[in-house]
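Below is protein07.cif, holding mmCIF, C-alpha atoms and all ligand atoms.
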```cif
data_model
#
loop_
_atom_site.group_PDB
_atom_site.id
_atom_site.type_symbol
_atom_site.label_atom_id
_atom_site.label_comp_id
_atom_site.auth_asym_id
_atom_site.auth_seq_id
_atom_site.Cartn_x
_atom_site.Cartn_y
_atom_site.Cartn_z
ATOM 1 C CA MET A 38 -17.212 -4.020 44.852
ATOM 2 C CA CYS A 39 -18.789 -6.849 46.708
ATOM 3 C CA ARG A 40 -21.842 -8.628 45.470
ATOM 4 C CA SER A 41 -24.721 -9.259 47.762
ATOM 5 C CA PHE A 42 -25.207 -12.573 49.487
ATOM 6 C CA THR A 43 -28.107 -14.657 48.419
ATOM 7 C CA THR A 44 -30.108 -16.581 50.970
ATOM 8 C CA THR A 45 -28.466 -19.794 49.872
ATOM 9 C CA THR A 46 -25.030 -18.369 50.462
ATOM 10 C CA THR A 47 -25.216 -18.682 54.182
ATOM 11 C CA CYS A 48 -28.476 -20.386 54.959
ATOM 12 C CA THR A 49 -27.897 -23.116 57.492
ATOM 13 C CA SER A 50 -31.061 -25.033 56.766
ATOM 14 C CA GLY A 51 -31.353 -27.812 54.247
ATOM 15 C CA TYR A 52 -27.654 -28.371 54.023
ATOM 16 C CA GLY A 53 -25.187 -30.814 55.548
ATOM 17 C CA PRO A 54 -24.590 -31.241 59.234
ATOM 18 C CA ALA A 55 -26.123 -27.907 60.213
ATOM 19 C CA ASN A 56 -29.543 -29.297 59.444
ATOM 20 C CA VAL A 57 -30.046 -32.036 61.974
ATOM 21 C CA GLY A 58 -33.790 -31.943 62.307
ATOM 22 C CA GLY A 59 -33.706 -29.038 64.679
ATOM 23 C CA VAL A 60 -32.262 -31.178 67.477
ATOM 24 C CA TYR A 61 -29.694 -28.529 68.346
ATOM 25 C CA ARG A 62 -31.876 -25.529 67.701
ATOM 26 C CA ASP A 63 -32.122 -24.537 71.333
ATOM 27 C CA ALA A 64 -28.487 -25.046 72.234
ATOM 28 C CA PRO A 65 -26.360 -21.919 72.502
ATOM 29 C CA ALA A 66 -23.887 -21.448 69.691
ATOM 30 C CA LEU A 67 -21.108 -21.555 72.239
ATOM 31 C CA GLU A 68 -20.723 -22.594 75.853
ATOM 32 C CA LEU A 69 -17.421 -22.380 77.658
ATOM 33 C CA LYS A 70 -17.490 -23.837 81.144
ATOM 34 C CA GLY A 71 -14.556 -23.352 83.485
ATOM 35 C CA LEU A 72 -12.203 -23.308 80.519
ATOM 36 C CA THR A 73 -8.551 -23.213 81.506
ATOM 37 C CA LYS A 74 -5.531 -23.343 79.221
ATOM 38 C CA ARG A 75 -1.995 -23.585 80.483
ATOM 39 C CA TYR A 76 0.574 -23.870 77.708
ATOM 40 C CA ASP A 77 3.474 -26.310 77.931
ATOM 41 C CA ASP A 78 5.867 -23.558 78.998
ATOM 42 C CA GLY A 79 3.655 -22.854 82.019
ATOM 43 C CA THR A 80 1.864 -19.755 80.685
ATOM 44 C CA LEU A 81 -1.661 -19.611 82.072
ATOM 45 C CA ALA A 82 -3.438 -18.009 79.094
ATOM 46 C CA VAL A 83 -7.065 -18.517 80.147
ATOM 47 C CA GLU A 84 -8.367 -19.385 83.583
ATOM 48 C CA ASN A 85 -11.735 -20.786 84.622
ATOM 49 C CA PHE A 86 -13.493 -19.006 81.784
ATOM 50 C CA ASP A 87 -17.291 -19.199 81.511
ATOM 51 C CA LEU A 88 -19.101 -17.788 78.502
ATOM 52 C CA THR A 89 -22.367 -18.507 76.709
ATOM 53 C CA VAL A 90 -23.078 -17.075 73.276
ATOM 54 C CA PRO A 91 -26.658 -17.570 72.028
ATOM 55 C CA ASP A 92 -27.426 -18.997 68.612
ATOM 56 C CA GLY A 93 -27.678 -16.154 66.111
ATOM 57 C CA ALA A 94 -25.765 -13.606 68.209
ATOM 58 C CA PHE A 95 -23.231 -11.094 66.974
ATOM 59 C CA PHE A 96 -20.723 -11.267 69.780
ATOM 60 C CA GLY A 97 -17.480 -9.378 70.332
ATOM 61 C CA LEU A 98 -14.411 -10.381 72.327
ATOM 62 C CA LEU A 99 -12.306 -7.395 73.366
ATOM 63 C CA GLY A 100 -9.087 -7.320 75.298
ATOM 64 C CA PRO A 101 -5.497 -6.164 75.050
ATOM 65 C CA ASN A 102 -2.678 -8.129 73.402
ATOM 66 C CA GLY A 103 -2.116 -11.339 75.304
ATOM 67 C CA ALA A 104 -5.548 -11.269 77.009
ATOM 68 C CA GLY A 105 -6.346 -14.787 75.797
ATOM 69 C CA LYS A 106 -8.688 -14.182 72.856
ATOM 70 C CA THR A 107 -6.817 -16.319 70.341
ATOM 71 C CA THR A 108 -6.388 -19.041 72.947
ATOM 72 C CA LEU A 109 -10.161 -19.118 73.460
ATOM 73 C CA ILE A 110 -10.737 -19.272 69.721
ATOM 74 C CA SER A 111 -8.159 -22.034 69.360
ATOM 75 C CA ALA A 112 -9.960 -24.007 72.069
ATOM 76 C CA ILE A 113 -13.325 -23.539 70.347
ATOM 77 C CA CYS A 114 -11.839 -24.652 67.024
ATOM 78 C CA ASN A 115 -10.061 -27.623 68.593
ATOM 79 C CA LEU A 116 -6.663 -26.273 67.554
ATOM 80 C CA ILE A 117 -5.245 -26.673 71.062
ATOM 81 C CA ARG A 118 -5.823 -29.147 73.863
ATOM 82 C CA ILE A 119 -7.547 -27.441 76.767
ATOM 83 C CA THR A 120 -6.136 -28.040 80.242
ATOM 84 C CA SER A 121 -9.498 -28.301 81.970
ATOM 85 C CA GLY A 122 -13.115 -27.288 81.551
ATOM 86 C CA GLU A 123 -15.406 -27.715 78.610
ATOM 87 C CA ALA A 124 -16.144 -26.090 75.253
ATOM 88 C CA LEU A 125 -19.445 -26.873 73.535
ATOM 89 C CA VAL A 126 -20.539 -25.747 70.070
ATOM 90 C CA PHE A 127 -24.297 -25.925 69.529
ATOM 91 C CA GLY A 128 -24.368 -28.387 72.409
ATOM 92 C CA GLU A 129 -21.657 -30.690 71.062
ATOM 93 C CA PRO A 130 -18.077 -30.995 72.347
ATOM 94 C CA ALA A 131 -15.853 -28.641 70.351
ATOM 95 C CA ARG A 132 -13.497 -31.528 69.566
ATOM 96 C CA SER A 133 -16.240 -33.573 67.857
ATOM 97 C CA LEU A 134 -16.343 -33.790 64.080
ATOM 98 C CA ILE A 135 -19.837 -32.359 63.897
ATOM 99 C CA ALA A 136 -18.926 -29.327 66.021
ATOM 100 C CA ARG A 137 -15.873 -28.724 63.870
ATOM 101 C CA SER A 138 -18.011 -28.773 60.743
ATOM 102 C CA TRP A 139 -20.254 -26.092 62.263
ATOM 103 C CA VAL A 140 -17.435 -23.623 62.820
ATOM 104 C CA GLY A 141 -15.763 -21.434 60.219
ATOM 105 C CA LEU A 142 -12.604 -19.630 61.264
ATOM 106 C CA ALA A 143 -10.934 -16.671 59.597
ATOM 107 C CA GLU A 144 -7.670 -16.465 61.483
ATOM 108 C CA GLN A 145 -5.723 -13.385 62.404
ATOM 109 C CA GLU A 146 -2.717 -14.554 60.389
ATOM 110 C CA ILE A 147 -3.173 -14.776 56.643
ATOM 111 C CA ASN A 148 -2.413 -18.473 56.391
ATOM 112 C CA LEU A 149 -3.107 -19.253 52.750
ATOM 113 C CA ASP A 150 -1.271 -22.018 50.898
ATOM 114 C CA ARG A 151 1.082 -20.231 48.509
ATOM 115 C CA PHE A 152 0.856 -23.026 45.938
ATOM 116 C CA LEU A 153 -2.941 -22.988 45.584
ATOM 117 C CA SER A 154 -4.994 -20.660 43.427
ATOM 118 C CA VAL A 155 -8.059 -18.885 44.800
ATOM 119 C CA ARG A 156 -10.395 -21.559 43.449
ATOM 120 C CA GLU A 157 -8.154 -24.433 44.529
ATOM 121 C CA THR A 158 -7.973 -22.964 48.038
ATOM 122 C CA LEU A 159 -11.747 -23.081 48.292
ATOM 123 C CA LEU A 160 -12.060 -26.543 46.711
ATOM 124 C CA TYR A 161 -9.410 -27.963 48.995
ATOM 125 C CA HIS A 162 -11.219 -26.549 52.014
ATOM 126 C CA GLY A 163 -14.545 -27.977 50.787
ATOM 127 C CA GLY A 164 -12.888 -31.375 50.340
ATOM 128 C CA TYR A 165 -11.523 -31.223 53.874
ATOM 129 C CA PHE A 166 -15.073 -30.788 55.138
ATOM 130 C CA GLY A 167 -16.368 -33.663 53.035
ATOM 131 C CA MET A 168 -18.168 -31.732 50.314
ATOM 132 C CA GLU A 169 -18.798 -33.611 47.073
ATOM 133 C CA ARG A 170 -16.704 -32.331 44.192
ATOM 134 C CA ALA A 171 -19.614 -30.887 42.195
ATOM 135 C CA GLU A 172 -21.083 -29.252 45.259
ATOM 136 C CA ALA A 173 -17.695 -27.824 46.268
ATOM 137 C CA GLU A 174 -17.172 -26.438 42.774
ATOM 138 C CA ALA A 175 -20.565 -24.734 42.777
ATOM 139 C CA ARG A 176 -19.988 -23.307 46.240
ATOM 140 C CA ALA A 177 -16.461 -22.146 45.367
ATOM 141 C CA ASP A 178 -17.770 -20.333 42.308
ATOM 142 C CA GLU A 179 -20.481 -18.748 44.428
ATOM 143 C CA MET A 180 -17.928 -17.574 47.004
ATOM 144 C CA ILE A 181 -15.648 -16.245 44.268
ATOM 145 C CA ASP A 182 -18.578 -14.266 42.934
ATOM 146 C CA VAL A 183 -19.729 -12.987 46.338
ATOM 147 C CA PHE A 184 -16.235 -11.866 47.287
ATOM 148 C CA ASP A 185 -15.539 -10.405 43.862
ATOM 149 C CA LEU A 186 -12.508 -12.595 43.208
ATOM 150 C CA GLY A 187 -13.566 -13.656 39.705
ATOM 151 C CA SER A 188 -10.594 -12.065 37.959
ATOM 152 C CA LYS A 189 -8.248 -13.842 40.387
ATOM 153 C CA ARG A 190 -9.817 -17.292 40.478
ATOM 154 C CA ASP A 191 -6.684 -18.954 39.034
ATOM 155 C CA THR A 192 -4.195 -16.710 40.836
ATOM 156 C CA ARG A 193 -2.066 -18.071 43.672
ATOM 157 C CA ALA A 194 -2.074 -16.407 47.086
ATOM 158 C CA PRO A 195 1.319 -14.659 46.837
ATOM 159 C CA LYS A 196 0.068 -12.748 43.802
ATOM 160 C CA LEU A 197 -3.065 -11.449 45.521
ATOM 161 C CA SER A 198 -3.242 -8.021 47.121
ATOM 162 C CA GLY A 199 -3.615 -7.802 50.899
ATOM 163 C CA GLY A 200 -7.305 -7.014 50.562
ATOM 164 C CA GLN A 201 -7.890 -9.904 48.162
ATOM 165 C CA ARG A 202 -6.181 -12.264 50.608
ATOM 166 C CA ARG A 203 -8.447 -11.042 53.418
ATOM 167 C CA ARG A 204 -11.485 -11.643 51.234
ATOM 168 C CA LEU A 205 -10.253 -15.118 50.325
ATOM 169 C CA LEU A 206 -9.740 -15.906 54.024
ATOM 170 C CA LEU A 207 -13.339 -14.986 54.699
ATOM 171 C CA ALA A 208 -14.581 -16.897 51.629
ATOM 172 C CA ARG A 209 -12.675 -19.961 52.815
ATOM 173 C CA ALA A 210 -14.135 -19.662 56.313
ATOM 174 C CA LEU A 211 -17.655 -19.598 54.832
ATOM 175 C CA MET A 212 -17.077 -22.250 52.175
ATOM 176 C CA HIS A 213 -18.595 -25.145 54.156
ATOM 177 C CA ARG A 214 -21.557 -23.054 55.389
ATOM 178 C CA PRO A 215 -20.670 -22.898 59.085
ATOM 179 C CA ARG A 216 -23.301 -21.977 61.678
ATOM 180 C CA LEU A 217 -20.740 -20.179 63.821
ATOM 181 C CA VAL A 218 -18.237 -17.908 62.094
ATOM 182 C CA ILE A 219 -15.229 -16.789 64.104
ATOM 183 C CA LEU A 220 -13.393 -13.730 62.863
ATOM 184 C CA ASP A 221 -10.106 -13.052 64.598
ATOM 185 C CA GLU A 222 -9.252 -9.424 63.839
ATOM 186 C CA PRO A 223 -10.640 -9.610 60.296
ATOM 187 C CA THR A 224 -10.020 -5.948 59.553
ATOM 188 C CA ALA A 225 -6.522 -5.628 61.034
ATOM 189 C CA GLY A 226 -4.447 -3.482 58.715
ATOM 190 C CA VAL A 227 -7.047 -3.118 55.949
ATOM 191 C CA ASP A 228 -7.950 0.197 54.382
ATOM 192 C CA PHE A 229 -11.196 2.049 55.038
ATOM 193 C CA GLU A 230 -12.935 0.862 51.898
ATOM 194 C CA LEU A 231 -12.217 -2.808 52.477
ATOM 195 C CA ARG A 232 -13.209 -2.484 56.122
ATOM 196 C CA MET A 233 -16.607 -1.145 55.077
ATOM 197 C CA GLU A 234 -16.878 -3.950 52.525
ATOM 198 C CA LEU A 235 -16.032 -6.592 55.127
ATOM 199 C CA TRP A 236 -18.539 -5.072 57.545
ATOM 200 C CA ARG A 237 -21.200 -5.419 54.865
ATOM 201 C CA TYR A 238 -20.345 -9.089 54.285
ATOM 202 C CA ILE A 239 -20.371 -9.833 57.980
ATOM 203 C CA ARG A 240 -23.600 -7.980 58.666
ATOM 204 C CA ARG A 241 -25.324 -9.774 55.826
ATOM 205 C CA LEU A 242 -24.084 -13.095 57.126
ATOM 206 C CA HIS A 243 -25.438 -12.310 60.563
ATOM 207 C CA SER A 244 -28.779 -11.106 59.219
ATOM 208 C CA GLU A 245 -29.177 -14.521 57.603
ATOM 209 C CA GLY A 246 -28.907 -16.285 60.942
ATOM 210 C CA THR A 247 -25.219 -17.095 61.276
ATOM 211 C CA THR A 248 -23.700 -16.603 64.715
ATOM 212 C CA ILE A 249 -20.664 -14.324 64.607
ATOM 213 C CA LEU A 250 -17.830 -14.234 67.133
ATOM 214 C CA LEU A 251 -15.545 -11.295 66.432
ATOM 215 C CA THR A 252 -12.302 -10.192 68.010
ATOM 216 C CA THR A 253 -11.021 -6.752 67.213
ATOM 217 C CA HIS A 254 -8.826 -4.026 68.610
ATOM 218 C CA TYR A 255 -10.993 -1.409 66.915
ATOM 219 C CA LEU A 256 -13.468 -0.356 69.577
ATOM 220 C CA GLU A 257 -15.676 1.511 67.115
ATOM 221 C CA GLU A 258 -15.909 -1.690 65.095
ATOM 222 C CA ALA A 259 -17.156 -3.642 68.116
ATOM 223 C CA GLU A 260 -19.571 -0.847 68.993
ATOM 224 C CA GLU A 261 -20.872 -0.663 65.455
ATOM 225 C CA LEU A 262 -21.305 -4.397 64.829
ATOM 226 C CA CYS A 263 -21.690 -6.362 68.044
ATOM 227 C CA GLU A 264 -24.911 -6.890 69.970
ATOM 228 C CA GLU A 265 -22.928 -8.002 73.002
ATOM 229 C CA ILE A 266 -19.331 -7.614 74.018
ATOM 230 C CA ALA A 267 -17.154 -9.536 76.462
ATOM 231 C CA LEU A 268 -14.147 -7.740 77.943
ATOM 232 C CA ILE A 269 -11.202 -9.998 78.715
ATOM 233 C CA ARG A 270 -8.082 -9.260 80.679
ATOM 234 C CA GLY A 271 -5.368 -11.642 81.820
ATOM 235 C CA GLY A 272 -7.304 -14.674 80.649
ATOM 236 C CA ARG A 273 -10.402 -13.796 82.660
ATOM 237 C CA LEU A 274 -13.811 -12.419 81.757
ATOM 238 C CA ILE A 275 -14.252 -9.051 83.424
ATOM 239 C CA ALA A 276 -17.515 -7.787 81.911
ATOM 240 C CA ARG A 277 -20.132 -8.767 79.383
ATOM 241 C CA ASP A 278 -23.000 -6.648 78.087
ATOM 242 C CA SER A 279 -24.225 -4.621 75.137
ATOM 243 C CA ALA A 280 -22.124 -1.545 74.312
ATOM 244 C CA GLY A 281 -24.866 0.593 75.894
ATOM 245 C CA GLY A 282 -24.978 -1.584 79.007
ATOM 246 C CA LEU A 283 -21.208 -1.421 79.390
ATOM 247 C CA ARG A 284 -21.244 2.374 79.012
ATOM 248 C CA GLU A 285 -23.892 2.613 81.694
ATOM 249 C CA HIS A 286 -22.167 0.172 84.051
ATOM 250 C CA TYR A 287 -18.836 1.974 83.814
ATOM 251 C CA GLY A 288 -20.351 5.463 83.712
ATOM 252 C CA ALA A 289 -18.502 6.016 80.453
ATOM 253 C CA ALA A 290 -19.308 8.169 77.442
ATOM 254 C CA SER A 291 -17.929 5.749 74.859
ATOM 255 C CA LEU A 292 -16.774 2.169 74.534
ATOM 256 C CA ALA A 293 -13.222 3.488 74.430
ATOM 257 C CA ASP A 294 -13.782 5.009 77.906
ATOM 258 C CA VAL A 295 -15.298 1.721 79.095
ATOM 259 C CA TYR A 296 -12.261 -0.136 77.812
ATOM 260 C CA VAL A 297 -9.797 2.180 79.524
ATOM 261 C CA LYS A 298 -11.665 1.963 82.832
ATOM 262 C CA ALA A 299 -12.170 -1.800 82.660
ATOM 263 C CA MET A 300 -8.570 -2.544 81.744
ATOM 264 C CA ALA A 301 -7.212 -0.183 84.368
ATOM 265 C CA GLY A 302 -9.385 -1.879 86.990
HETATM 266 P P1 LIG A 401 -3.522 -10.598 70.672
HETATM 267 O O1 LIG A 401 -4.576 -9.543 70.799
HETATM 268 O O2 LIG A 401 -2.134 -10.055 70.761
HETATM 269 O O3 LIG A 401 -3.718 -11.510 69.497
HETATM 270 P P2 LIG A 401 -4.685 -12.570 72.462
HETATM 271 O O4 LIG A 401 -5.688 -11.945 73.360
HETATM 272 O O5 LIG A 401 -5.194 -13.307 71.286
HETATM 273 O O6 LIG A 401 -3.607 -11.508 72.027
HETATM 274 P P3 LIG A 401 -3.329 -15.039 73.153
HETATM 275 O O7 LIG A 401 -2.620 -15.167 71.851
HETATM 276 O O8 LIG A 401 -4.437 -15.981 73.423
HETATM 277 O O9 LIG A 401 -3.807 -13.545 73.399
HETATM 278 O O10 LIG A 401 -2.216 -15.193 74.308
HETATM 279 C C1 LIG A 401 -2.568 -15.299 75.670
HETATM 280 C C2 LIG A 401 -1.297 -15.640 76.448
HETATM 281 O O11 LIG A 401 -0.865 -16.959 76.099
HETATM 282 C C3 LIG A 401 -0.127 -14.704 76.147
HETATM 283 O O12 LIG A 401 0.592 -14.548 77.360
HETATM 284 C C4 LIG A 401 0.694 -15.493 75.150
HETATM 285 O O13 LIG A 401 2.068 -15.168 75.222
HETATM 286 C C5 LIG A 401 0.462 -16.923 75.613
HETATM 287 N N1 LIG A 401 0.574 -17.898 74.524
HETATM 288 C C6 LIG A 401 -0.129 -17.923 73.366
HETATM 289 N N2 LIG A 401 0.235 -18.997 72.627
HETATM 290 C C7 LIG A 401 1.182 -19.644 73.337
HETATM 291 C C8 LIG A 401 1.947 -20.842 73.112
HETATM 292 N N3 LIG A 401 1.788 -21.580 72.013
HETATM 293 N N4 LIG A 401 2.832 -21.212 74.053
HETATM 294 C C9 LIG A 401 2.990 -20.489 75.188
HETATM 295 N N5 LIG A 401 2.298 -19.358 75.465
HETATM 296 C C10 LIG A 401 1.406 -18.958 74.550
#
```

Using the file provided, produce a representation of the structure as structure tokens.
Ligand code: ATP
Amino acid sequence: MCRSFTTTTTCTSGYGPANVGGVYRDAPALELKGLTKRYDDGTLAVENFDLTVPDGAFFGLLGPNGAGKTTLISAICNLIRITSGEALVFGEPARSLIARSWVGLAEQEINLDRFLSVRETLLYHGGYFGMERAEAEARADEMIDVFDLGSKRDTRAPKLSGGQRRRLLLARALMHRPRLVILDEPTAGVDFELRMELWRYIRRLHSEGTTILLTTHYLEEAEELCEEIALIRGGRLIARDSAGGLREHYGAASLADVYVKAMAG
């Protein structure tokens, strides 16, 4: 089973670019202003999207397939060129090096390098973010311990179970101690036990001050974990509130009812 996080596991103070003398302390974790993305084939995935996520929030993005969630995440992580508008991470342009170092992404697809072992995956990631070798090694060992991957440290990705790959994805996303962790459907297709385990990791991370942006198709997961939820349809924001606030606004008994009403509207 998972080990508990220590304060140093995710603490953003006293380490690397996250600690910049408190200059960015008041900036929201995320600000999207009029964000529009039209892909090269003409698909308008996101249109004039405004969203602010406060520092330290646990925030959910909900919407049906094709709503634009992954496009938003890709814009925040500088993986795509936005068509117009602005994306700021802790007050800095998402494309800047410092903003990129503040974000940790666990993608929907399990995109692990098949030729790297668990430990090498983490070290490689640390190197990409400029960690010194000794520091990266210590952090990798810590992550391996936290995510209970000790018996697989020298095993390559294809020989890991699905659950172990999910855990490694999360460990990799946290390796460089990001201030904002983006989880794109982290529990898609995992069994009940691993889901509970991942929830524990994520909750602990949040309790230690990390901002979490979560996308999920499991409404009970959003209801259980997220302080605030944004509902997205057709690349537009249609509602944003706590689960309770959304239930009240839509006169719905559950978040599932909210979702059905909001998406039908
Ligand atoms: P899902 O829940 O299925 O992951 P999503 O909400 O993440 O969906 P996106 O992947 O952002 O949705 O897709 C939004 C729209 O943009 C869809 O119409 C999709 O087909 C389109 N799209 C995504 N990537 C590209 C691309 N590279 N080129 C063209 N269209 C794209």

Query - Nearest-residue call for Gly141 in chain A, choices A:Met168, A:Leu217, A:Leu205, A:Ala66, using all atoms listed in the file - result: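 Closest to Gly141 in chain A of all the choices is A:Leu217.
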
Query - Contacts to ligand LIG 401 (chain A) at 7 Å cut-off (only C-alpha atoms and all ligand atoms) as a list in words - result: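 The residues near ligand LIG 401 (chain A) are Tyr76, Asp77, Asp78, Thr80, Leu81, Ala82, Gly100, Pro101, Asn102, Gly103, Ala104, Gly105, Lys106, Thr107, Thr108, Leu109 and Gly272 of chain A.
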
Query raised in the report: Which neighbours of Glu84 in chain A fall inside 10 Å, counting all atoms listed in the file, when residues of the same chain fewer than 2 positions from it are skipped, and could you give them as a ChimeraX atom specification?
Result: /A:71-75,81-82,86-87,105,120-122,271-274

Query - Between CA of Glu146 in chain A and CA of His254 in chain A - distance in Å to one decimal - result: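 Separating CA of His254 in chain A from CA of Glu146 in chain A is a distance of 14.7 Å.
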
Using only C-alpha atoms, what does the table of range 196-256 of chain A residues within 12 Å of range 164-167 of chain A look like, with each row giving the shortest atom pair and its distance in Å to one decimal, sorted by chain and ascending number, as a Markdown table?
```
| residue | atom | partner | partner_atom | distance |
| --- | --- | --- | --- | --- |
| A:Arg209 | CA | A:Phe166 | CA | 11.3 |
| A:Ala210 | CA | A:Phe166 | CA | 11.2 |
| A:Leu211 | CA | A:Phe166 | CA | 11.5 |
| A:Met212 | CA | A:Phe166 | CA | 9.3 |
| A:His213 | CA | A:Phe166 | CA | 6.7 |
| A:Arg214 | CA | A:Phe166 | CA | 10.1 |
| A:Pro215 | CA | A:Phe166 | CA | 10.4 |
```

For the residues selected in the previous step, produce a file with C-alpha atoms as a PDB file, keeping the file's coordinate frame.
```pdb
ATOM      1  CA  ARG A 209     -12.675 -19.961  52.815  1.00  0.00           C
ATOM      2  CA  ALA A 210     -14.135 -19.662  56.313  1.00  0.00           C
ATOM      3  CA  LEU A 211     -17.655 -19.598  54.832  1.00  0.00           C
ATOM      4  CA  MET A 212     -17.077 -22.250  52.175  1.00  0.00           C
ATOM      5  CA  HIS A 213     -18.595 -25.145  54.156  1.00  0.00           C
ATOM      6  CA  ARG A 214     -21.557 -23.054  55.389  1.00  0.00           C
ATOM      7  CA  PRO A 215     -20.670 -22.898  59.085  1.00  0.00           C
TER       8      PRO A 215
END
```

What are the centre and edge lengths in Å, to one decimal, of the axis-aligned box around all listed atoms of range 180-194 of chain A with 4 Å added on each side, as lines of an AutoDock Vina configuration file?
```
center_x = -10.9
center_y = -14.7
center_z = 42.6
size_x = 25.7
size_y = 16.5
size_z = 17.3
```

Query raised in the report: Skipping near chain neighbours, those fewer than 4 positions away, what residues fall within 9 Å of Ile110 in chain A using all atoms listed in the file, listed as a list in words?
Result: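 In the requested format, the answer is Gly105, Lys106, Cys114, Asn115, Leu116, Leu142, Ile219 and Asp221 of chain A.
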
Requested in this report: Identify the residues within 9 Å of coordinate (-7.2, -14.3, 51.4) (same frame as the file), considering all atoms listed in the file, and give the answer as a VMD selection string.
Outcome: chain A and resid 147 to 149 155 194 197 to 209

Please write as a CSV table (one decimal) with C-alpha atoms, in the frame of the given file the full residue list that the PyMOL selection byres (((chain A and resi 267) around 8) and not hetatm) yields on this file.
```csv
chain,number,residue,atom,x,y,z
A,96,PHE,CA,-20.7,-11.3,69.8
A,97,GLY,CA,-17.5,-9.4,70.3
A,98,LEU,CA,-14.4,-10.4,72.3
A,99,LEU,CA,-12.3,-7.4,73.4
A,265,GLU,CA,-22.9,-8.0,73.0
A,266,ILE,CA,-19.3,-7.6,74.0
A,268,LEU,CA,-14.1,-7.7,77.9
A,269,ILE,CA,-11.2,-10.0,78.7
A,274,LEU,CA,-13.8,-12.4,81.8
A,275,ILE,CA,-14.3,-9.1,83.4
A,276,ALA,CA,-17.5,-7.8,81.9
A,277,ARG,CA,-20.1,-8.8,79.4
A,278,ASP,CA,-23.0,-6.6,78.1
```

Report task. Would you mind telling me which residue in A:Lys298, A:Cys263, A:Val227, A:Glu172 lies nearest to Ile239 in chain A when using only C-alpha atoms? Result ->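 Once distances to Ile239 in chain A are computed over only C-alpha atoms, the minimum belongs to A:Cys263.
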
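The residue set within 7 Å of Leu88 in chain A, counting only C-alpha atoms and dropping same-chain residues fewer than 3 places from it, reads Glu68, Leu69 and Lys70 of chain A.
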
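CA of Pro65 in chain A is found 8.6 Å from CA of Leu125 in chain A.
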
Report task. Rank nothing, just name the residue among A:Leu283, A:Phe229, A:Leu160, A:Leu153 nearest to Arg176 in chain A, using all atoms listed in the file. Result ->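 Ranking A:Leu283, A:Phe229, A:Leu160, A:Leu153 by distance to Arg176 in chain A, first place goes to A:Leu160.
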
**Report entry** Spatial neighbours of Tyr255 in chain A, max dist 9 Å, all atoms listed in the file, sep filter under 5 positions, as number ranges by chain
**Finding:** A: 99, 222, 224-225, 260

Output C-alpha atoms of each residue in that selection to a file, as a PDB file, keeping the file's coordinate frame.
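Generated file (again.pdb):
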```
ATOM      1  CA  LEU A  99     -12.306  -7.395  73.366  1.00  0.00           C
ATOM      2  CA  GLU A 222      -9.252  -9.424  63.839  1.00  0.00           C
ATOM      3  CA  THR A 224     -10.020  -5.948  59.553  1.00  0.00           C
ATOM      4  CA  ALA A 225      -6.522  -5.628  61.034  1.00  0.00           C
ATOM      5  CA  GLU A 260     -19.571  -0.847  68.993  1.00  0.00           C
TER       6      GLU A 260
END
```

**Report entry** Coordinates-based distance that separates CA of Thr89 in chain A from CA of Ile119 in chain A (Å, one decimal)
**Finding:** 17.3 Å

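In terms of minimum interatomic distance to Ile181 in chain A, A:Leu159 ranks closest within A:Leu159, A:Lys196, A:Leu292, A:Leu256, counting only C-alpha atoms.
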
Query raised in the report: Using all atoms listed in the file, which of A:Trp236, A:Trp139, A:Phe152, A:Tyr161 sits nearest Glu258 in chain A?
Result: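 Residue with the minimum atom-to-atom distance to Glu258 in chain A: A:Trp236.
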
**Report entry** Which residue of A:Arg216, A:Glu261, A:Tyr287, A:Arg237 approaches Gly302 in chain A most closely, using all atoms listed in the file
**Finding:**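 The shortest atom-to-atom distance to Gly302 in chain A comes from A:Tyr287.
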
Requested in this report: Output the residue selection produced by the PyMOL selection byres (((chain A and resi 191) around 6) and not hetatm) on the file above, formatted as a VMD selection string.
Outcome: chain A and resid 154 to 155 189 to 190 192
